[in-house]
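structure_1.txt follows; it contains compact mmCIF, C-alpha atoms.
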# COMPACT_ATOMS: atom_id res chain seq x y z
CA MET W 1 -141.19 190.90 -27.43
CA ILE W 2 -140.24 192.12 -23.94
CA PHE W 3 -136.51 191.51 -23.96
CA HIS W 4 -135.79 192.37 -20.31
CA GLU W 5 -138.36 189.96 -18.92
CA GLY W 6 -136.66 187.53 -16.56
CA LEU W 7 -133.31 189.37 -16.46
CA GLU W 8 -131.93 190.90 -13.30
CA PRO W 9 -132.13 194.70 -12.89
CA GLY W 10 -129.39 196.83 -14.40
CA ILE W 11 -128.71 194.62 -17.43
CA GLU W 12 -129.08 196.43 -20.74
CA LEU W 13 -129.02 195.30 -24.35
CA VAL W 14 -126.58 197.01 -26.72
CA CYS W 15 -126.10 196.13 -30.37
CA ASN W 16 -124.44 197.18 -33.60
CA TYR W 17 -121.75 199.07 -31.70
CA LYS W 18 -118.68 198.31 -33.82
CA ASP W 19 -117.82 202.04 -34.11
CA ASN W 20 -118.19 202.67 -30.36
CA LYS W 21 -114.70 202.15 -28.97
CA ALA W 22 -115.81 201.77 -25.35
CA TYR W 23 -118.22 198.94 -26.13
CA ARG W 24 -115.82 197.42 -28.66
CA ASP W 25 -113.08 197.32 -26.01
CA CYS W 26 -115.49 195.61 -23.59
CA PHE W 27 -116.35 193.06 -26.27
CA HIS W 28 -112.66 192.35 -26.86
CA GLN W 29 -112.07 191.89 -23.15
CA LEU W 30 -114.69 189.15 -23.14
CA THR W 31 -113.55 187.42 -26.35
CA ASN W 32 -109.93 187.52 -25.16
CA LEU W 33 -110.91 186.09 -21.77
CA VAL W 34 -112.92 183.18 -23.15
CA PHE W 35 -111.66 182.54 -26.70
CA GLY W 36 -108.24 184.19 -26.66
CA ILE W 37 -109.08 186.19 -29.80
CA ASP W 38 -109.40 189.87 -30.58
CA PHE W 39 -111.29 191.57 -33.40
CA GLU W 40 -109.58 194.97 -33.23
CA ASP W 41 -107.16 194.50 -36.13
CA TRP W 42 -110.05 193.23 -38.26
CA TYR W 43 -111.99 196.38 -37.35
CA GLN W 44 -109.08 198.78 -37.89
CA LYS W 45 -108.43 197.39 -41.36
CA GLY W 46 -112.07 198.05 -42.28
CA PHE W 47 -113.25 194.45 -42.60
CA TRP W 48 -115.71 194.43 -39.68
CA ASP W 49 -118.61 195.49 -41.87
CA ASP W 50 -122.34 195.98 -41.31
CA ARG W 51 -123.04 192.30 -41.97
CA TYR W 52 -121.51 191.26 -38.62
CA ILE W 53 -123.61 192.59 -35.73
CA CYS W 54 -123.07 192.02 -32.02
CA TYR W 55 -125.97 191.76 -29.58
CA SER W 56 -124.62 192.08 -26.05
CA LEU W 57 -125.92 192.29 -22.50
CA VAL W 58 -124.10 194.91 -20.45
CA LYS W 59 -124.05 195.77 -16.76
CA ASP W 60 -121.78 198.34 -15.09
CA ASN W 61 -119.79 198.77 -18.32
CA VAL W 62 -119.02 195.05 -18.53
CA ILE W 63 -120.31 192.84 -21.35
CA LEU W 64 -121.79 189.81 -19.64
CA SER W 65 -122.92 187.87 -22.70
CA ASN W 66 -122.91 188.17 -26.47
CA VAL W 67 -124.52 186.62 -29.54
CA SER W 68 -123.49 187.87 -32.98
CA VAL W 69 -125.17 187.53 -36.35
CA SER W 70 -123.43 187.28 -39.70
CA LYS W 71 -125.59 188.08 -42.71
CA MET W 72 -124.80 186.17 -45.88
CA ASP W 73 -126.36 184.50 -48.88
CA LEU W 74 -126.42 180.76 -49.46
CA VAL W 75 -127.11 178.66 -52.51
CA ILE W 76 -128.60 175.31 -51.53
CA ASN W 77 -129.27 172.78 -54.27
CA GLY W 78 -129.27 175.61 -56.80
CA SER W 79 -131.68 177.90 -54.92
CA SER W 80 -130.65 181.23 -53.37
CA LYS W 81 -131.39 181.66 -49.66
CA ARG W 82 -131.06 184.62 -47.32
CA ALA W 83 -129.12 183.43 -44.30
CA ILE W 84 -128.20 184.48 -40.78
CA GLN W 85 -125.32 182.66 -39.11
CA ILE W 86 -125.26 182.89 -35.33
CA GLY W 87 -121.80 182.99 -33.80
CA THR W 88 -119.59 184.38 -31.04
CA VAL W 89 -122.03 182.96 -28.49
CA ILE W 90 -120.18 183.77 -25.32
CA THR W 91 -120.89 184.50 -21.65
CA HIS W 92 -118.52 185.76 -18.99
CA PRO W 93 -117.57 182.83 -16.72
CA GLU W 94 -118.90 184.63 -13.63
CA PHE W 95 -122.36 185.11 -15.18
CA ARG W 96 -123.09 181.71 -16.70
CA GLY W 97 -126.22 179.77 -15.82
CA ARG W 98 -128.42 182.86 -15.68
CA GLY W 99 -130.15 182.47 -19.04
CA LEU W 100 -128.28 185.35 -20.70
CA SER W 101 -127.31 183.50 -23.90
CA SER W 102 -130.80 182.05 -24.16
CA ALA W 103 -132.34 185.51 -23.94
CA LEU W 104 -130.03 186.82 -26.65
CA ILE W 105 -130.68 183.91 -29.00
CA ARG W 106 -134.44 184.31 -28.60
CA HIS W 107 -134.04 188.02 -29.31
CA VAL W 108 -131.97 187.45 -32.46
CA LEU W 109 -134.38 184.83 -33.80
CA HIS W 110 -137.27 187.23 -33.22
CA MET W 111 -135.41 190.13 -34.85
CA TYR W 112 -134.54 188.31 -38.08
CA GLU W 113 -137.22 185.66 -38.58
CA GLN W 114 -138.92 187.75 -41.29
CA GLU W 115 -135.65 188.72 -42.98
CA CYS W 116 -134.07 185.37 -43.70
CA ASP W 117 -134.84 181.89 -44.97
CA ILE W 118 -132.39 180.03 -42.77
CA PHE W 119 -130.54 180.42 -39.48
CA PHE W 120 -127.50 178.27 -38.91
CA LEU W 121 -124.66 177.94 -36.42
CA PHE W 122 -121.81 175.67 -35.39
CA ALA W 123 -121.76 174.24 -31.87
CA ASN W 124 -119.05 172.36 -30.06
CA HIS W 125 -119.97 169.09 -28.39
CA THR W 126 -120.56 170.73 -25.01
CA ALA W 127 -123.48 172.70 -26.48
CA ILE W 128 -125.27 170.21 -28.73
CA ASP W 129 -128.16 169.88 -26.25
CA PHE W 130 -128.59 173.65 -26.03
CA TYR W 131 -129.70 174.69 -29.50
CA PRO W 132 -132.58 172.22 -30.01
CA ARG W 133 -134.39 174.23 -27.31
CA PHE W 134 -134.79 176.93 -29.98
CA ASN W 135 -135.97 174.46 -32.66
CA PHE W 136 -132.58 174.10 -34.31
CA GLU W 137 -131.90 170.69 -35.82
CA ALA W 138 -128.52 169.05 -36.27
CA ALA W 139 -127.56 168.74 -39.94
CA PRO W 140 -124.61 166.36 -40.27
CA GLU W 141 -121.98 167.54 -42.73
CA SER W 142 -119.70 165.34 -44.80
CA GLN W 143 -115.98 165.40 -45.32
CA PHE W 144 -114.75 164.90 -48.86
CA LYS W 145 -111.46 163.25 -49.81
CA LEU W 146 -110.08 162.35 -53.22
CA GLU W 147 -107.23 159.99 -54.02
CA PHE W 148 -105.05 161.98 -56.38
CA LEU W 149 -102.21 161.41 -58.83
CA PRO W 150 -100.32 164.69 -59.45
CA THR W 151 -99.80 165.87 -63.02
CA SER W 152 -97.18 168.17 -64.47
CA GLY W 153 -99.13 171.40 -64.06
CA ASN W 154 -97.34 174.75 -64.16
CA LYS W 155 -96.71 175.62 -60.52
CA ASN W 156 -94.96 178.90 -61.37
CA THR W 157 -98.22 180.62 -62.28
CA LEU W 158 -99.31 180.99 -58.66
CA ARG W 159 -98.65 184.29 -56.89
CA LYS W 160 -98.62 184.19 -53.11
CA LEU W 161 -100.69 187.06 -51.71
CA ASP W 162 -99.20 189.05 -48.85
CA CYS W 163 -101.80 189.77 -46.19
CA SER W 164 -99.48 192.29 -44.54
CA LYS W 165 -99.88 194.54 -47.60
CA ARG W 166 -102.94 196.73 -47.89
CA GLU W 167 -103.14 196.39 -51.66
CA ASP W 168 -103.26 192.59 -51.48
CA LEU W 169 -105.91 192.68 -48.76
CA GLU W 170 -108.06 195.03 -50.84
CA TRP W 171 -107.57 192.80 -53.87
CA ILE W 172 -108.76 189.78 -51.86
CA LYS W 173 -111.76 191.71 -50.54
CA GLN W 174 -112.85 192.82 -54.01
CA MET W 175 -112.54 189.27 -55.35
CA VAL W 176 -114.65 187.92 -52.49
CA LEU W 177 -117.26 190.65 -53.01
CA SER W 178 -117.84 189.53 -56.59
CA ARG W 179 -117.30 185.81 -56.14
CA LYS W 180 -119.42 183.00 -57.54
CA PRO W 181 -120.37 180.46 -54.84
CA ILE W 182 -117.93 177.56 -54.87
CA SER W 183 -120.79 175.04 -54.76
CA GLN W 184 -124.35 174.91 -56.01
CA HIS W 185 -125.08 172.16 -53.48
CA PHE W 186 -124.19 174.39 -50.53
CA GLY W 187 -122.27 177.55 -51.37
CA VAL W 188 -121.82 180.97 -49.81
CA SER W 189 -121.60 184.56 -51.04
CA ASN W 190 -121.71 188.02 -49.44
CA ASN W 191 -119.54 186.78 -46.57
CA GLN W 192 -116.52 188.99 -47.24
CA GLY W 193 -116.13 190.12 -43.62
CA LEU W 194 -115.73 186.57 -42.35
CA PHE W 195 -113.41 185.65 -45.21
CA MET W 196 -111.17 188.61 -44.40
CA PHE W 197 -111.03 187.61 -40.73
CA TYR W 198 -109.64 184.22 -41.80
CA ALA W 199 -107.26 185.92 -44.23
CA LEU W 200 -105.83 188.04 -41.42
CA ASN W 201 -105.79 185.50 -38.60
CA VAL W 202 -105.77 181.93 -39.89
CA PHE W 203 -104.70 181.56 -43.53
CA SER W 204 -102.46 184.59 -44.07
CA GLU W 205 -99.64 182.32 -45.35
CA SER W 206 -101.88 180.14 -47.50
CA ILE W 207 -103.59 182.44 -50.01
CA TYR W 208 -102.52 182.48 -53.66
CA TYR W 209 -103.71 183.94 -56.94
CA SER W 210 -103.82 182.01 -60.21
CA GLN W 211 -103.79 184.28 -63.25
CA GLU W 212 -104.78 181.45 -65.59
CA ASP W 213 -107.83 180.58 -63.50
CA LYS W 214 -108.59 184.17 -62.46
CA ALA W 215 -109.03 182.73 -58.97
CA ILE W 216 -107.82 183.09 -55.42
CA ILE W 217 -106.92 179.69 -53.96
CA VAL W 218 -106.61 178.95 -50.24
CA PHE W 219 -104.71 175.72 -49.58
CA GLN W 220 -102.14 174.00 -47.39
CA GLN W 221 -100.06 170.88 -47.93
CA GLU W 222 -99.57 168.66 -44.88
CA GLY W 223 -97.44 165.64 -45.64
CA GLN W 224 -99.18 163.70 -48.40
CA THR W 225 -102.53 165.48 -47.92
CA LEU W 226 -103.42 168.70 -49.71
CA HIS W 227 -106.11 170.69 -47.89
CA LEU W 228 -108.11 172.85 -50.29
CA TYR W 229 -110.11 175.37 -48.25
CA ASP W 230 -111.63 177.68 -50.85
CA VAL W 231 -111.48 178.90 -54.43
CA VAL W 232 -112.68 182.45 -55.08
CA SER W 233 -113.56 183.54 -58.59
CA GLU W 234 -116.16 185.53 -60.51
CA ARG W 235 -116.69 182.54 -62.76
CA GLU W 236 -116.92 178.79 -62.46
CA VAL W 237 -113.45 177.30 -62.21
CA ASN W 238 -112.09 173.95 -63.32
CA LEU W 239 -111.09 172.22 -60.08
CA GLN W 240 -109.00 169.65 -61.94
CA ASN W 241 -106.83 172.46 -63.32
CA ILE W 242 -106.62 174.04 -59.89
CA LEU W 243 -105.44 170.77 -58.35
CA SER W 244 -102.77 170.34 -61.03
CA ARG W 245 -101.36 173.77 -60.13
CA ILE W 246 -101.29 173.43 -56.36
CA SER W 247 -100.33 169.76 -55.90
CA ASN W 248 -96.77 168.50 -55.69
CA GLU W 249 -94.99 165.18 -56.04
CA GLN W 250 -95.88 164.23 -52.44
CA THR W 251 -99.62 164.78 -52.89
CA GLU W 252 -101.68 161.61 -52.60
CA THR W 253 -104.96 162.85 -51.14
CA ILE W 254 -107.03 166.00 -51.59
CA HIS W 255 -109.13 167.03 -48.60
CA PHE W 256 -111.86 169.45 -49.69
CA HIS W 257 -113.16 171.81 -47.00
CA PHE W 258 -116.25 172.65 -49.05
CA THR W 259 -118.60 170.68 -51.30
CA PRO W 260 -116.63 169.87 -54.49
CA ASP W 261 -119.45 169.74 -57.05
CA GLN W 262 -117.19 168.73 -59.94
CA PHE W 263 -115.89 165.68 -58.05
CA ILE W 264 -119.05 164.79 -56.14
CA GLU W 265 -119.34 161.39 -57.87
CA LYS W 266 -115.67 160.55 -57.38
CA VAL W 267 -114.83 161.69 -53.86
CA GLU W 268 -114.92 159.53 -50.78
CA HIS W 269 -117.39 161.07 -48.36
CA SER W 270 -117.87 160.26 -44.70
CA SER W 271 -119.14 161.91 -41.54
CA LEU W 272 -117.05 164.68 -40.07
CA ASP W 273 -114.60 163.70 -37.36
CA ASN W 274 -115.97 163.81 -33.82
CA HIS W 275 -113.74 166.77 -32.92
CA GLU W 276 -115.46 168.98 -35.51
CA ASP W 277 -118.22 171.40 -34.50
CA VAL W 278 -121.78 170.33 -35.28
CA LEU W 279 -123.91 172.28 -37.75
CA PHE W 280 -127.40 173.27 -36.56
CA ILE W 281 -130.06 174.66 -38.89
CA LYS W 282 -133.44 176.35 -38.44
CA ALA W 283 -135.05 176.98 -41.84
CA ASN W 284 -138.38 177.92 -43.40
CA PHE W 285 -137.96 175.24 -46.08
CA MET W 286 -137.29 171.52 -46.14
CA LEU W 287 -133.72 170.35 -46.53
CA GLU W 288 -132.97 167.20 -48.49
CA LYS W 289 -132.49 164.28 -46.16
CA ASN W 290 -129.13 162.50 -46.42
CA SER W 291 -127.70 165.29 -48.59
CA LYS W 292 -123.90 165.22 -48.82
CA PHE W 293 -122.49 168.70 -48.31
CA ARG W 294 -120.11 170.83 -46.33
CA ILE W 295 -120.37 174.55 -45.65
CA PRO W 296 -117.09 176.22 -46.71
CA VAL W 297 -114.80 176.47 -43.70
CA LEU W 298 -113.97 180.11 -44.41
CA ALA W 299 -117.65 180.95 -43.92
CA HIS W 300 -117.75 179.71 -40.30
CA ALA W 301 -118.45 182.44 -37.74
Turn this file's structure into structure tokens for me.
Amino acid sequence: MIFHEGLEPGIELVCNYKDNKAYRDCFHQLTNLVFGIDFEDWYQKGFWDDRYICYSLVKDNVILSNVSVSKMDLVINGSSKRAIQIGTVITHPEFRGRGLSSALIRHVLHMYEQECDIFFLFANHTAIDFYPRFNFEAAPESQFKLEFLPTSGNKNTLRKLDCSKREDLEWIKQMVLSRKPISQHFGVSNNQGLFMFYALNVFSESIYYSQEDKAIIVFQQEGQTLHLYDVVSEREVNLQNILSRISNEQTETIHFHFTPDQFIEKVEHSSLDNHEDVLFIKANFMLEKNSKFRIPVLAHA
């Protein structure tokens, strides 16, 4: 594959540069400009690992465009799959419309097509016509909600984890490293880098440990709705017991942000809200049509 074909002179491809401060700073300038996010704290704490790799086009020490890959393992309907998630697809506003993202996506697909069973990504609604050009297909996810009557579970057994403390962060990382996928319908493992990014930047106040369940639980209560984002354990957990520990007297509805296998016959399922990003998949196997699933939110790149 001739990568530079069709690109203007002076543009170079750089990749896997997380330990190169100059390139990393250029990457952060671009992500801050477009997304308003920065990966430096994630890197400094040691959670930007070798499973998240940037592929960037550079000219005159400026990153013009980037596509990143996140390596992980999936379990889909009980079968293990090697997966590449494409994310951080971003182009500097002054260099859009020049085919830079397209060139990077083609390059990444070529690089990894023999190493994985499935590529997937999440696209906002401005980009849903872009990814089918590369033979990605939209795979509608479901949202799962359960009407719930709280029970008198022991709420005092939960320990809130402090993501400002190194020992708690390392504890979370080790648990995620050895986790059992939360779902056999569509579960994820070996995604510790992404999980730690969410722990640092999104859910730092919402992560708890249950000694009885030997599980990390990520959840938030909003009014009468309890949002359960993930449960991390080395063993299969009893979700009913988990819900009894984390619910309160106001809880009326559980919103699962993953596929809740144990409640799959009881939950109300519907299409994701229109404001949610759309999942696109390119796989070397056939997916079940009309399958009801949701990829865990803390695995989104």
Please provide the set of residues having any atom within 9 Å of His185 in chain W, restricted to only C-alpha atoms, with same-chain residues fewer than 6 positions apart removed, written as an NGL selection string. :W and (75-79 or 259-261 or 291-294)
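For the set W:Met72, W:Cys15, W:Val58, W:Val231, the residue with the smallest atom-to-atom gap to His300 in chain W is W:Met72, counting all atoms listed in the file.
Excluding Ser206 in chain W itself and same-chain residues fewer than 6 positions from it, the residues having an atom within 7 Å of it are Val218, Phe219 and Gln220 of chain W, counting all atoms listed in the file.
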Show me the residues around (-103.4, 179.4, -42.4) - criterion: an atom at most 12 Å away, all atoms listed in the file counted - as a tab-separated table (two decimals) with C-alpha atoms, keeping the file's coordinate frame.
chain	number	residue	atom	x	y	z
W	163	CYS	CA	-101.80	189.77	-46.19
W	197	PHE	CA	-111.03	187.61	-40.73
W	198	TYR	CA	-109.64	184.22	-41.80
W	199	ALA	CA	-107.26	185.92	-44.23
W	200	LEU	CA	-105.83	188.04	-41.42
W	201	ASN	CA	-105.79	185.50	-38.60
W	202	VAL	CA	-105.77	181.93	-39.89
W	203	PHE	CA	-104.70	181.56	-43.53
W	204	SER	CA	-102.46	184.59	-44.07
W	205	GLU	CA	-99.64	182.32	-45.35
W	206	SER	CA	-101.88	180.14	-47.50
W	207	ILE	CA	-103.59	182.44	-50.01
W	208	TYR	CA	-102.52	182.48	-53.66
W	218	VAL	CA	-106.61	178.95	-50.24
W	219	PHE	CA	-104.71	175.72	-49.58
W	220	GLN	CA	-102.14	174.00	-47.39
W	221	GLN	CA	-100.06	170.88	-47.93
W	222	GLU	CA	-99.57	168.66	-44.88
W	227	HIS	CA	-106.11	170.69	-47.89
W	228	LEU	CA	-108.11	172.85	-50.29
W	229	TYR	CA	-110.11	175.37	-48.25
W	230	ASP	CA	-111.63	177.68	-50.85
W	297	VAL	CA	-114.80	176.47	-43.70
W	298	LEU	CA	-113.97	180.11	-44.41
List every protein, DNA or RNA residue with an atom no more than 7 Å from (-119.4, 186.8, -54.6) in the file's coordinates, counting all atoms listed in the file, and format the result as a list in words. Val176, Leu177, Ser178, Arg179, Lys180, Pro181, Ser189, Asn190 and Glu234 of chain W
As a ChimeraX atom specification, please: the residues near Glu141 in chain W (cut-off 12 Å, all atoms listed in the file, same-chain neighbours under 3 positions excluded). /W:122,138,144,186,257-259,269-274,276-281,289-297
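CA of Thr91 in chain W to CA of Gly46 in chain W spans 26.2 Å [interatomic distance, one decimal].
Nearest-residue note for Val237 in chain W: choosing from W:Leu287, W:Ile84, W:Leu109, W:Ile182, the minimum distance belongs to W:Ile182, counting only C-alpha atoms.
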Spatial neighbours of Ser65 in chain W, max dist 12 Å, all atoms listed in the file, sep filter under 4 positions, as a ChimeraX atom specification: /W:11-15,26-31,34,54-59,88-105
Can you patch up range 77-90 of chain W, filling it in to N, CA, C and O atoms, and show the result as a CSV table (one decimal), in the frame of the given file?
chain,number,residue,atom,x,y,z
W,77,ASN,N,-128.7,173.5,-53.2
W,77,ASN,CA,-129.3,172.8,-54.3
W,77,ASN,C,-129.8,173.7,-55.4
W,77,ASN,O,-130.9,173.5,-55.9
W,78,GLY,N,-129.0,174.7,-55.7
W,78,GLY,CA,-129.3,175.6,-56.8
W,78,GLY,C,-130.2,176.8,-56.5
W,78,GLY,O,-130.4,177.6,-57.4
W,79,SER,N,-130.8,176.8,-55.3
W,79,SER,CA,-131.7,177.9,-54.9
W,79,SER,C,-131.0,178.9,-54.0
W,79,SER,O,-130.3,178.5,-53.0
W,80,SER,N,-131.2,180.2,-54.2
W,80,SER,CA,-130.6,181.2,-53.4
W,80,SER,C,-131.5,181.4,-52.1
W,80,SER,O,-132.7,181.4,-52.1
W,81,LYS,N,-130.8,181.5,-51.0
W,81,LYS,CA,-131.4,181.7,-49.7
W,81,LYS,C,-130.7,182.8,-48.9
W,81,LYS,O,-129.5,183.0,-48.9
W,82,ARG,N,-131.6,183.6,-48.2
W,82,ARG,CA,-131.1,184.6,-47.3
W,82,ARG,C,-130.7,184.0,-46.0
W,82,ARG,O,-131.6,183.3,-45.4
W,83,ALA,N,-129.5,184.2,-45.5
W,83,ALA,CA,-129.1,183.4,-44.3
W,83,ALA,C,-128.6,184.3,-43.2
W,83,ALA,O,-128.0,185.4,-43.4
W,84,ILE,N,-128.8,183.9,-42.0
W,84,ILE,CA,-128.2,184.5,-40.8
W,84,ILE,C,-127.4,183.4,-40.1
W,84,ILE,O,-128.0,182.3,-39.7
W,85,GLN,N,-126.1,183.6,-39.9
W,85,GLN,CA,-125.3,182.7,-39.1
W,85,GLN,C,-125.2,183.3,-37.7
W,85,GLN,O,-124.8,184.4,-37.6
W,86,ILE,N,-125.4,182.5,-36.7
W,86,ILE,CA,-125.3,182.9,-35.3
W,86,ILE,C,-123.9,182.4,-34.9
W,86,ILE,O,-123.5,181.3,-35.1
W,87,GLY,N,-123.1,183.3,-34.3
W,87,GLY,CA,-121.8,183.0,-33.8
W,87,GLY,C,-121.4,183.9,-32.6
W,87,GLY,O,-122.1,184.7,-32.2
W,88,THR,N,-120.1,183.7,-32.2
W,88,THR,CA,-119.6,184.4,-31.0
W,88,THR,C,-120.6,184.3,-29.9
W,88,THR,O,-120.9,185.4,-29.2
W,89,VAL,N,-121.1,183.2,-29.6
W,89,VAL,CA,-122.0,183.0,-28.5
W,89,VAL,C,-121.1,182.8,-27.3
W,89,VAL,O,-120.4,181.8,-27.2
W,90,ILE,N,-121.2,183.7,-26.4
W,90,ILE,CA,-120.2,183.8,-25.3
W,90,ILE,C,-120.8,184.5,-24.1
W,90,ILE,O,-121.5,185.5,-24.2
